[in-house]
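Undergrad: Please find my_file.csv (CSV, C-alpha atoms) on the next line:
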```
chain,number,residue,atom,x,y,z
Y,488,MET,CA,-19.2,7.2,47.6
Y,489,ASN,CA,-17.5,9.2,44.9
Y,490,LEU,CA,-15.4,7.8,42.1
Y,491,HIS,CA,-11.9,7.0,43.1
Y,492,PRO,CA,-9.8,10.0,42.1
Y,493,ASP,CA,-7.4,8.0,39.9
Y,494,ILE,CA,-10.4,6.4,38.2
Y,495,GLU,CA,-12.0,9.8,37.6
Y,496,ALA,CA,-8.7,11.0,36.1
Y,497,LEU,CA,-8.7,7.9,33.8
Y,498,LEU,CA,-12.2,8.6,32.6
Y,499,GLU,CA,-11.3,12.3,31.9
Y,500,MET,CA,-8.4,11.1,29.8
Y,501,VAL,CA,-10.6,8.7,27.9
Y,502,GLN,CA,-13.2,11.4,27.3
Y,503,ALA,CA,-10.5,13.8,26.1
Y,504,GLY,CA,-9.1,11.2,23.7
Y,505,THR,CA,-12.5,10.5,22.3
Y,506,GLU,CA,-13.2,14.2,21.8
Y,507,SER,CA,-9.9,14.9,20.1
Y,508,GLY,CA,-10.2,11.9,17.8
Y,509,ALA,CA,-7.2,10.1,19.3
Y,510,ARG,CA,-9.5,7.4,20.6
Y,511,THR,CA,-12.1,5.7,18.4
Y,512,PRO,CA,-15.0,4.1,20.2
Y,513,PHE,CA,-15.6,0.4,19.4
Y,514,PRO,CA,-18.9,0.9,17.5
Y,515,GLN,CA,-17.0,2.9,14.9
Y,516,LEU,CA,-14.4,0.1,14.3
Y,517,THR,CA,-14.5,-3.3,12.8
Y,518,ALA,CA,-14.2,-6.3,15.1
Y,519,VAL,CA,-10.6,-6.9,14.0
Y,520,GLN,CA,-9.7,-3.2,14.6
Y,521,ALA,CA,-11.4,-3.3,18.0
Y,522,ARG,CA,-9.4,-6.4,19.0
Y,523,ALA,CA,-6.1,-4.8,18.1
Y,524,ASP,CA,-7.1,-1.6,20.0
Y,525,PHE,CA,-8.1,-3.6,23.1
Y,526,ASP,CA,-4.9,-5.7,23.1
Y,527,ALA,CA,-2.7,-2.6,22.6
Y,528,SER,CA,-4.3,-0.6,25.5
Y,529,SER,CA,-4.3,-3.5,28.0
Y,530,PRO,CA,-0.6,-3.4,29.0
Y,531,LEU,CA,-1.0,0.3,29.8
Y,532,LEU,CA,-3.6,-0.4,32.5
Y,533,ASP,CA,-2.4,-3.5,34.3
Y,534,VAL,CA,0.7,-4.6,36.3
Y,535,ASP,CA,2.2,-7.6,34.7
Y,536,PRO,CA,3.8,-9.9,37.3
Y,537,PRO,CA,7.0,-11.8,36.5
Y,538,ALA,CA,6.7,-14.9,34.3
Y,539,LEU,CA,5.9,-18.0,36.3
Y,540,ALA,CA,7.8,-21.2,36.3
Y,541,CYS,CA,5.1,-22.8,34.3
Y,542,GLU,CA,3.5,-21.0,31.4
Y,543,ARG,CA,2.5,-23.7,29.0
Y,544,HIS,CA,0.7,-23.2,25.6
Y,545,LEU,CA,-2.0,-25.8,24.9
Y,546,SER,CA,-4.4,-26.6,22.1
Y,547,LEU,CA,-7.8,-27.9,23.2
Y,548,PRO,CA,-10.2,-29.8,20.9
Y,549,MET,CA,-13.7,-28.5,20.4
Y,550,ARG,CA,-16.9,-30.5,19.6
Y,551,ASP,CA,-16.9,-29.3,15.9
Y,552,GLY,CA,-13.3,-30.4,15.3
Y,553,ALA,CA,-11.8,-27.0,15.8
Y,554,MET,CA,-8.8,-26.4,18.1
Y,555,ILE,CA,-8.6,-23.4,20.4
Y,556,GLY,CA,-5.5,-22.0,22.1
Y,557,ALA,CA,-5.1,-22.0,25.9
Y,558,ARG,CA,-2.4,-20.9,28.3
Y,559,LEU,CA,-1.7,-22.7,31.5
Y,560,TYR,CA,-0.1,-20.7,34.4
Y,561,ALA,CA,1.3,-22.3,37.6
Y,562,GLN,CA,4.0,-21.5,40.1
Y,563,GLU,CA,5.5,-24.9,39.5
Y,564,GLU,CA,5.3,-27.4,36.6
Y,565,PRO,CA,2.2,-29.6,37.3
Y,566,ASN,CA,2.8,-33.3,37.1
Y,567,SER,CA,0.5,-36.3,36.9
Y,568,ARG,CA,1.7,-37.9,40.1
Y,569,SER,CA,0.3,-35.0,42.2
Y,570,PRO,CA,-2.3,-33.1,40.3
Y,571,ILE,CA,-3.0,-29.5,41.4
Y,572,PRO,CA,-6.2,-27.5,41.5
Y,573,VAL,CA,-7.1,-25.3,38.6
Y,574,LEU,CA,-9.2,-22.3,37.7
Y,575,LEU,CA,-10.7,-22.4,34.2
Y,576,TYR,CA,-10.6,-18.7,33.2
Y,577,MET,CA,-12.6,-17.0,30.4
Y,578,HIS,CA,-11.5,-13.5,29.5
Y,579,GLY,CA,-13.8,-10.5,29.1
Y,580,GLY,CA,-14.4,-8.4,26.0
Y,581,GLY,CA,-18.1,-8.6,25.1
Y,582,PHE,CA,-17.6,-11.9,23.2
Y,583,VAL,CA,-15.9,-9.8,20.5
Y,584,VAL,CA,-12.5,-8.6,21.8
Y,585,GLY,CA,-10.0,-9.9,24.4
Y,586,SER,CA,-7.4,-12.5,24.2
Y,587,LEU,CA,-4.9,-14.7,26.1
Y,588,ASP,CA,-2.5,-11.7,25.9
Y,589,SER,CA,-4.9,-9.1,27.1
Y,590,HIS,CA,-5.6,-11.1,30.3
Y,591,GLN,CA,-2.1,-12.6,30.8
Y,592,PRO,CA,-1.2,-10.2,33.7
Y,593,LEU,CA,-4.5,-11.0,35.5
Y,594,CYS,CA,-4.1,-14.8,35.0
Y,595,ARG,CA,-0.5,-14.7,36.1
Y,596,GLY,CA,-1.5,-12.8,39.2
Y,597,LEU,CA,-4.4,-15.2,40.0
Y,598,ALA,CA,-2.1,-18.2,39.8
Y,599,GLU,CA,0.4,-16.5,42.1
Y,600,ASP,CA,-2.2,-15.4,44.6
Y,601,SER,CA,-4.1,-18.6,44.7
Y,602,GLY,CA,-1.2,-21.1,44.5
Y,603,ALA,CA,-3.3,-23.0,42.0
Y,604,ALA,CA,-3.0,-23.4,38.2
Y,605,VAL,CA,-5.0,-21.1,35.9
Y,606,LEU,CA,-6.1,-22.3,32.5
Y,607,SER,CA,-7.0,-19.3,30.3
Y,608,ILE,CA,-8.8,-20.2,27.1
Y,609,ASP,CA,-8.9,-18.4,23.8
Y,610,TYR,CA,-12.6,-19.2,23.1
Y,611,ARG,CA,-13.8,-18.2,19.6
Y,612,LEU,CA,-15.1,-14.6,19.2
Y,613,ALA,CA,-18.0,-13.0,17.3
Y,614,PRO,CA,-19.0,-12.0,14.7
Y,615,GLU,CA,-17.1,-14.8,13.1
Y,616,HIS,CA,-18.4,-17.2,15.7
Y,617,LYS,CA,-21.8,-16.3,17.0
Y,618,PHE,CA,-23.8,-17.5,20.1
Y,619,PRO,CA,-23.5,-20.1,21.5
Y,620,THR,CA,-20.0,-20.9,20.2
Y,621,ALA,CA,-18.2,-19.1,23.1
Y,622,PHE,CA,-20.3,-21.0,25.7
Y,623,GLU,CA,-19.8,-24.3,23.9
Y,624,ASP,CA,-16.0,-23.7,23.8
Y,625,ALA,CA,-16.1,-23.1,27.6
Y,626,VAL,CA,-18.0,-26.3,28.1
Y,627,ASP,CA,-15.6,-28.3,26.0
Y,628,ALA,CA,-12.6,-26.8,27.9
Y,629,LEU,CA,-14.1,-27.9,31.2
Y,630,ALA,CA,-14.7,-31.4,29.7
Y,631,TRP,CA,-11.0,-31.4,28.6
Y,632,ILE,CA,-10.0,-30.9,32.2
Y,633,GLY,CA,-12.2,-33.8,33.3
Y,634,ARG,CA,-10.8,-36.0,30.5
Y,635,GLU,CA,-7.2,-34.9,30.1
Y,636,GLY,CA,-6.5,-32.9,33.2
Y,637,PRO,CA,-4.9,-35.7,35.3
Y,638,ALA,CA,-2.3,-36.4,32.6
Y,639,ALA,CA,-1.6,-32.7,32.5
Y,640,GLY,CA,-1.1,-32.5,36.2
Y,641,LEU,CA,-4.5,-30.9,36.9
Y,642,ASP,CA,-7.0,-32.2,39.4
Y,643,PRO,CA,-10.6,-32.5,38.0
Y,644,GLY,CA,-11.9,-32.8,41.5
Y,645,ARG,CA,-10.6,-29.3,42.4
Y,646,VAL,CA,-11.8,-27.1,39.6
Y,647,ALA,CA,-13.1,-23.5,39.7
Y,648,VAL,CA,-14.6,-21.5,36.9
Y,649,GLY,CA,-14.1,-17.8,36.5
Y,650,GLY,CA,-14.1,-14.8,34.3
Y,651,ASP,CA,-14.5,-11.0,34.0
Y,652,SER,CA,-17.3,-9.2,32.2
Y,653,ALA,CA,-18.4,-11.5,29.3
Y,654,GLY,CA,-16.0,-14.1,30.7
Y,655,GLY,CA,-18.0,-13.9,33.9
Y,656,THR,CA,-21.1,-14.5,32.0
Y,657,LEU,CA,-19.6,-17.6,30.5
Y,658,ALA,CA,-18.4,-18.8,33.9
Y,659,ALA,CA,-21.8,-18.3,35.5
Y,660,ALA,CA,-23.4,-20.2,32.6
Y,661,LEU,CA,-20.8,-22.9,32.8
Y,662,ALA,CA,-21.6,-23.4,36.5
Y,663,ILE,CA,-25.2,-24.0,35.5
Y,664,GLU,CA,-24.2,-26.4,32.8
Y,665,ALA,CA,-21.9,-28.4,35.1
Y,666,LYS,CA,-24.8,-29.0,37.5
Y,667,LYS,CA,-27.0,-30.2,34.6
Y,668,ASN,CA,-24.3,-32.3,32.8
Y,669,ARG,CA,-22.9,-34.9,35.1
Y,670,SER,CA,-20.2,-35.8,32.7
Y,671,LEU,CA,-18.4,-32.5,33.5
Y,672,PRO,CA,-16.3,-31.8,36.5
Y,673,ARG,CA,-18.3,-30.0,39.2
Y,674,PRO,CA,-16.8,-26.6,40.1
Y,675,VAL,CA,-16.0,-26.0,43.8
Y,676,LEU,CA,-16.3,-22.2,43.2
Y,677,GLN,CA,-17.5,-19.8,40.5
Y,678,VAL,CA,-15.6,-16.5,40.4
Y,679,LEU,CA,-17.7,-13.8,38.6
Y,680,ALA,CA,-16.1,-10.4,38.1
Y,681,TYR,CA,-18.7,-7.8,37.0
Y,682,PRO,CA,-20.5,-10.3,34.7
Y,683,GLY,CA,-23.3,-9.6,32.3
Y,684,LEU,CA,-26.3,-11.6,33.5
Y,685,SER,CA,-29.5,-10.1,32.3
Y,686,PRO,CA,-31.4,-10.7,29.0
Y,687,TRP,CA,-32.2,-7.0,28.7
Y,688,GLN,CA,-30.3,-3.9,29.8
Y,689,THR,CA,-33.0,-2.0,31.6
Y,690,SER,CA,-31.7,-1.7,35.1
Y,691,GLU,CA,-31.4,1.5,37.1
Y,692,SER,CA,-27.6,1.2,37.0
Y,693,TYR,CA,-27.7,1.1,33.2
Y,694,GLU,CA,-29.6,4.3,33.2
Y,695,ARG,CA,-27.2,5.9,35.7
Y,696,TYR,CA,-23.8,4.6,34.5
Y,697,GLY,CA,-24.4,3.7,30.9
Y,698,SER,CA,-22.6,6.7,29.6
Y,699,GLY,CA,-19.3,8.3,30.9
Y,700,TYR,CA,-18.1,5.4,33.0
Y,701,LEU,CA,-16.0,3.5,30.5
Y,702,LEU,CA,-18.5,0.7,29.6
Y,703,GLU,CA,-20.9,2.6,27.3
Y,704,ARG,CA,-24.4,1.4,26.5
Y,705,SER,CA,-23.6,1.9,22.8
Y,706,THR,CA,-20.6,-0.4,23.1
Y,707,VAL,CA,-22.7,-3.1,24.9
Y,708,ASP,CA,-25.3,-2.9,22.1
Y,709,TRP,CA,-22.5,-3.2,19.5
Y,710,PHE,CA,-21.1,-6.3,21.3
Y,711,PHE,CA,-24.4,-8.0,21.4
Y,712,ARG,CA,-25.2,-7.2,17.7
Y,713,GLN,CA,-22.0,-9.0,16.8
Y,714,TYR,CA,-22.6,-12.0,19.1
Y,715,LEU,CA,-26.3,-12.8,19.1
Y,716,CYS,CA,-28.1,-14.3,16.1
Y,717,ASN,CA,-31.4,-12.7,17.0
Y,718,ASP,CA,-33.3,-11.2,20.0
Y,719,SER,CA,-34.6,-14.6,21.0
Y,720,ASP,CA,-31.1,-15.6,22.0
Y,721,ARG,CA,-31.3,-13.0,24.8
Y,722,GLU,CA,-33.7,-15.2,26.8
Y,723,ASP,CA,-31.3,-18.1,26.7
Y,724,TRP,CA,-29.6,-18.7,30.1
Y,725,ARG,CA,-26.4,-19.5,28.3
Y,726,PHE,CA,-26.3,-15.8,27.3
Y,727,ALA,CA,-28.2,-14.4,30.3
Y,728,PRO,CA,-27.8,-16.6,33.4
Y,729,LEU,CA,-30.5,-14.7,35.2
Y,730,ALA,CA,-32.9,-16.4,32.8
Y,731,ALA,CA,-32.1,-19.8,34.2
Y,732,PRO,CA,-35.1,-21.6,35.7
Y,733,ASP,CA,-33.3,-23.0,38.7
Y,734,PHE,CA,-30.3,-22.0,40.7
Y,735,ALA,CA,-30.3,-24.6,43.5
Y,736,GLY,CA,-27.2,-26.8,43.8
Y,737,LEU,CA,-24.8,-24.4,41.9
Y,738,ALA,CA,-21.2,-24.0,43.0
Y,739,PRO,CA,-20.6,-21.3,45.7
Y,740,ALA,CA,-20.0,-17.9,44.1
Y,741,PHE,CA,-17.4,-15.2,44.7
Y,742,LEU,CA,-19.0,-12.2,43.0
Y,743,LEU,CA,-17.1,-9.0,42.5
Y,744,LEU,CA,-18.9,-5.9,41.4
Y,745,ALA,CA,-17.9,-2.3,40.7
Y,746,GLU,CA,-20.0,0.5,42.3
Y,747,PHE,CA,-20.0,2.7,39.1
Y,748,ASP,CA,-20.8,0.0,36.6
Y,749,PRO,CA,-23.9,-0.4,34.4
Y,750,LEU,CA,-23.8,-4.1,35.3
Y,751,VAL,CA,-23.9,-3.7,39.1
Y,752,ASP,CA,-27.6,-4.1,39.5
Y,753,GLU,CA,-27.8,-7.3,37.6
Y,754,GLY,CA,-24.9,-8.6,39.7
Y,755,ARG,CA,-26.8,-7.8,42.8
Y,756,ASP,CA,-29.9,-9.5,41.4
Y,757,TYR,CA,-27.9,-12.6,40.6
Y,758,ALA,CA,-26.4,-12.7,44.1
Y,759,ALA,CA,-30.0,-12.5,45.5
Y,760,LYS,CA,-31.2,-15.3,43.2
Y,761,LEU,CA,-28.3,-17.6,44.2
Y,762,SER,CA,-28.8,-16.8,47.9
Y,763,ALA,CA,-32.5,-17.5,47.7
Y,764,ALA,CA,-31.7,-20.9,46.2
Y,765,GLY,CA,-29.4,-21.8,49.0
Y,766,VAL,CA,-26.1,-21.2,47.1
Y,767,PRO,CA,-23.3,-19.6,49.3
Y,768,VAL,CA,-22.4,-16.2,47.9
Y,769,ASP,CA,-19.6,-13.9,48.8
Y,770,LEU,CA,-20.6,-10.5,47.3
Y,771,ARG,CA,-18.0,-7.8,47.1
Y,772,ILE,CA,-18.9,-4.4,45.8
Y,773,TYR,CA,-15.8,-2.3,45.3
Y,774,ARG,CA,-16.6,1.3,46.0
Y,775,GLY,CA,-15.4,4.1,43.7
Y,776,MET,CA,-14.6,1.5,41.0
Y,777,ILE,CA,-15.8,1.1,37.4
Y,778,HIS,CA,-16.1,-1.8,34.9
Y,779,GLU,CA,-12.8,-3.5,34.1
Y,780,PHE,CA,-11.1,-2.2,37.3
Y,781,LEU,CA,-9.7,-5.6,38.0
Y,782,ARG,CA,-7.2,-5.1,35.1
Y,783,MET,CA,-6.2,-1.6,36.2
Y,784,GLY,CA,-3.3,-2.4,38.6
Y,785,ASN,CA,-1.4,0.5,37.1
Y,786,VAL,CA,-4.2,2.9,37.9
Y,787,VAL,CA,-5.6,1.8,41.3
Y,788,ALA,CA,-4.3,-0.4,44.1
Y,789,ASP,CA,-7.8,-1.7,44.6
Y,790,ALA,CA,-7.3,-3.9,41.5
Y,791,LEU,CA,-4.4,-5.8,43.1
Y,792,GLN,CA,-6.3,-6.0,46.3
Y,793,ALA,CA,-9.3,-7.5,44.6
Y,794,ARG,CA,-7.1,-9.9,42.7
Y,795,ALA,CA,-5.6,-11.0,46.0
Y,796,GLU,CA,-9.0,-11.5,47.5
Y,797,ILE,CA,-10.0,-13.8,44.6
Y,798,GLY,CA,-6.8,-15.7,45.1
Y,799,GLN,CA,-7.7,-16.2,48.8
Y,800,ALA,CA,-11.2,-17.3,47.9
Y,801,LEU,CA,-9.8,-19.9,45.4
Y,802,ALA,CA,-7.2,-21.2,47.9
Y,803,SER,CA,-9.9,-21.6,50.6
Y,804,ALA,CA,-12.3,-23.4,48.2
Y,805,PHE,CA,-9.6,-25.7,47.0
Y,806,ARG,CA,-8.5,-26.4,50.6
Y,807,ILE,CA,-12.0,-27.3,51.6
Y,808,ALA,CA,-12.2,-29.7,48.6
Y,809,ALA,CA,-8.9,-31.3,49.6
Y,810,ASN,CA,-10.1,-31.7,53.2
Y,811,GLU,CA,-13.1,-33.6,51.8
Y,812,ARG,CA,-10.7,-35.9,49.9
Y,813,PRO,CA,-7.9,-36.8,52.3
Y,814,ASP,CA,-6.0,-38.6,49.5
Y,815,VAL,CA,-5.4,-35.3,47.8
Y,816,GLU,CA,-2.4,-33.3,48.8
Y,817,MET,CA,-3.3,-29.9,50.3
Y,818,LEU,CA,-2.2,-26.6,48.7
Y,819,ARG,CA,1.0,-25.5,50.3
Y,820,GLU,CA,0.4,-22.6,52.7
```
So that I can check it, write out the structure of this file as structure tokens.

TA:
Amino acid sequence: MNLHPDIEALLEMVQAGTESGARTPFPQLTAVQARADFDASSPLLDVDPPALACERHLSLPMRDGAMIGARLYAQEEPNSRSPIPVLLYMHGGGFVVGSLDSHQPLCRGLAEDSGAAVLSIDYRLAPEHKFPTAFEDAVDALAWIGREGPAAGLDPGRVAVGGDSAGGTLAAALAIEAKKNRSLPRPVLQVLAYPGLSPWQTSESYERYGSGYLLERSTVDWFFRQYLCNDSDREDWRFAPLAAPDFAGLAPAFLLLAEFDPLVDEGRDYAAKLSAAGVPVDLRIYRGMIHEFLRMGNVVADALQARAEIGQALASAFRIAANERPDVEMLRE
């Protein structure tokens, strides 16, 4: 299939901006400048739903004594008498850019589409905080749900983990950690939107789509130089979940990939690994789409359709979990 016409027009506009000097590629910016650029451009791409009844700002404690910000989204104010299911969400941005603000439209939409709460976390970014800080922040946020969730109106027995791009990497690694670490809540679903999964970027799709399709190989290299301490970190499954020794027993996966994305091959490889280990996988490859399309509701309707499909998958997973625990109130239809 060809690129979606509206995606093709977006790529032409990006290329024209780069050639004219109106747009500066990330590798030519500092991390602080790149973050500001990413946050400024995000509202132009996505459709921001109306504010929800519950949009609560939280501070979560980390293992080193630091506090990170978080934002809780829900259609109604959660309460401790009847805790509701929750998606722990990690934003994308190559471990260097991205924020609670850049992903607010997506998280609002996911809360609306799923009927569950979404807890979006402001994990610490590189180069100020190198690997594995982002992963450890995600682990500590999941531990917080297990420890403090009930008092906040969140059900630790109905938790999903999810993220896009680098956030999808964190979600996949978190699902592995949750199987290993029995003190953590066990996710009922992992939602992985075009995640990075491989130690090395040598796939055929990187060769084919690594230039001219928004996510540039040079940008990925720049991200990883900021995030990783050395090349040996690449073989650590907390950075590259495909390097994990065992996939059996992981949470079911809802895996969304874009056809014209350098990461699509490693996503396919991960789906195959999970399936071979007996993990249920729902693999969706969105034709004509590129990396980041999930946050492009102002560009293509496919973004909103994909978001709705994630919401349906979450609602189904939480409903199944509730059926297995008859004492838990079901999600309202």

Undergrad: Can you work out which one of Y:Ile571, Y:Met500, Y:Val707, Y:Leu587 has the shortest atom-to-atom distance to Y:Gly636, counting all atoms listed in the file?

TA: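 Closest to Y:Gly636 of all the choices is Y:Ile571.
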
Undergrad: I need the residue nearest Y:Gly754 from this list: Y:Leu684, Y:Val519, Y:Ala795, Y:Leu559. Use only C-alpha atoms for the distance.

TA: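 The shortest atom-to-atom distance to Y:Gly754 comes from Y:Leu684.
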
Undergrad: At what distance in Å, to one decimal, does atom CA of Y:Ile555 lie from atom CA of Y:Ile608?

TA: 7.4 Å

Undergrad: Give me, please, the distance in Å between atom CA of Y:Asp708 and atom CA of Y:Gly581, quoted to one decimal.

TA: 9.7 Å

Undergrad: So, with all atoms listed in the file as the atoms that count, which of Y:Gln562, Y:Ala598, Y:Leu547, Y:Leu661 lies closest to Y:Glu635?

TA: Y:Leu547

Undergrad: Which of these residues is nearest to Y:Ile797, using all atoms listed in the file: Y:Pro637, Y:Pro749, Y:Gly602, Y:Gly775?

TA: Y:Gly602

Undergrad: Looking at Y:His616, Y:Arg712, Y:Arg721, Y:His590, which one is nearest to Y:Pro514, with distances taken over only C-alpha atoms?

TA: Y:Arg712

Undergrad: Please provide the set of residues having any atom within 8 Å of Y:Ile663, restricted to all atoms listed in the file, with same-chain residues fewer than 3 positions apart removed, written as a PyMOL selection string.

TA: chain Y and resi 659-660+666-667+734+737

Undergrad: Which of these, Y:Ser652, Y:Gln591, Y:Ser567, Y:Thr505, has the shortest distance to Y:Leu744 once you count only C-alpha atoms?

TA: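 Of Y:Ser652, Y:Gln591, Y:Ser567, Y:Thr505, the one nearest Y:Leu744, counting only C-alpha atoms, is Y:Ser652.
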
Undergrad: With only C-alpha atoms as the counted atoms, please give the residues lying no more than 10 Å from Y:Ser569, apart from itself and same-chain residues fewer than 2 positions off, as a ChimeraX atom specification.

TA: /Y:565-567,571-572,637,640-642,815-816

Undergrad: For the residues selected in the previous step, produce a file with C-alpha atoms as a short mmCIF file (atom, residue, chain, number, x, y, z; two decimals), in the frame of the given file.

TA:
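Below is the file that was written, part-v4.cif:
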```
data_model
loop_
_atom_site.label_atom_id
_atom_site.label_comp_id
_atom_site.auth_asym_id
_atom_site.auth_seq_id
_atom_site.Cartn_x
_atom_site.Cartn_y
_atom_site.Cartn_z
CA PRO Y 565 2.20 -29.60 37.30
CA ASN Y 566 2.80 -33.30 37.10
CA SER Y 567 0.50 -36.30 36.90
CA ILE Y 571 -3.00 -29.50 41.40
CA PRO Y 572 -6.20 -27.50 41.50
CA PRO Y 637 -4.90 -35.70 35.30
CA GLY Y 640 -1.10 -32.50 36.20
CA LEU Y 641 -4.50 -30.90 36.90
CA ASP Y 642 -7.00 -32.20 39.40
CA VAL Y 815 -5.40 -35.30 47.80
CA GLU Y 816 -2.40 -33.30 48.80
#
```
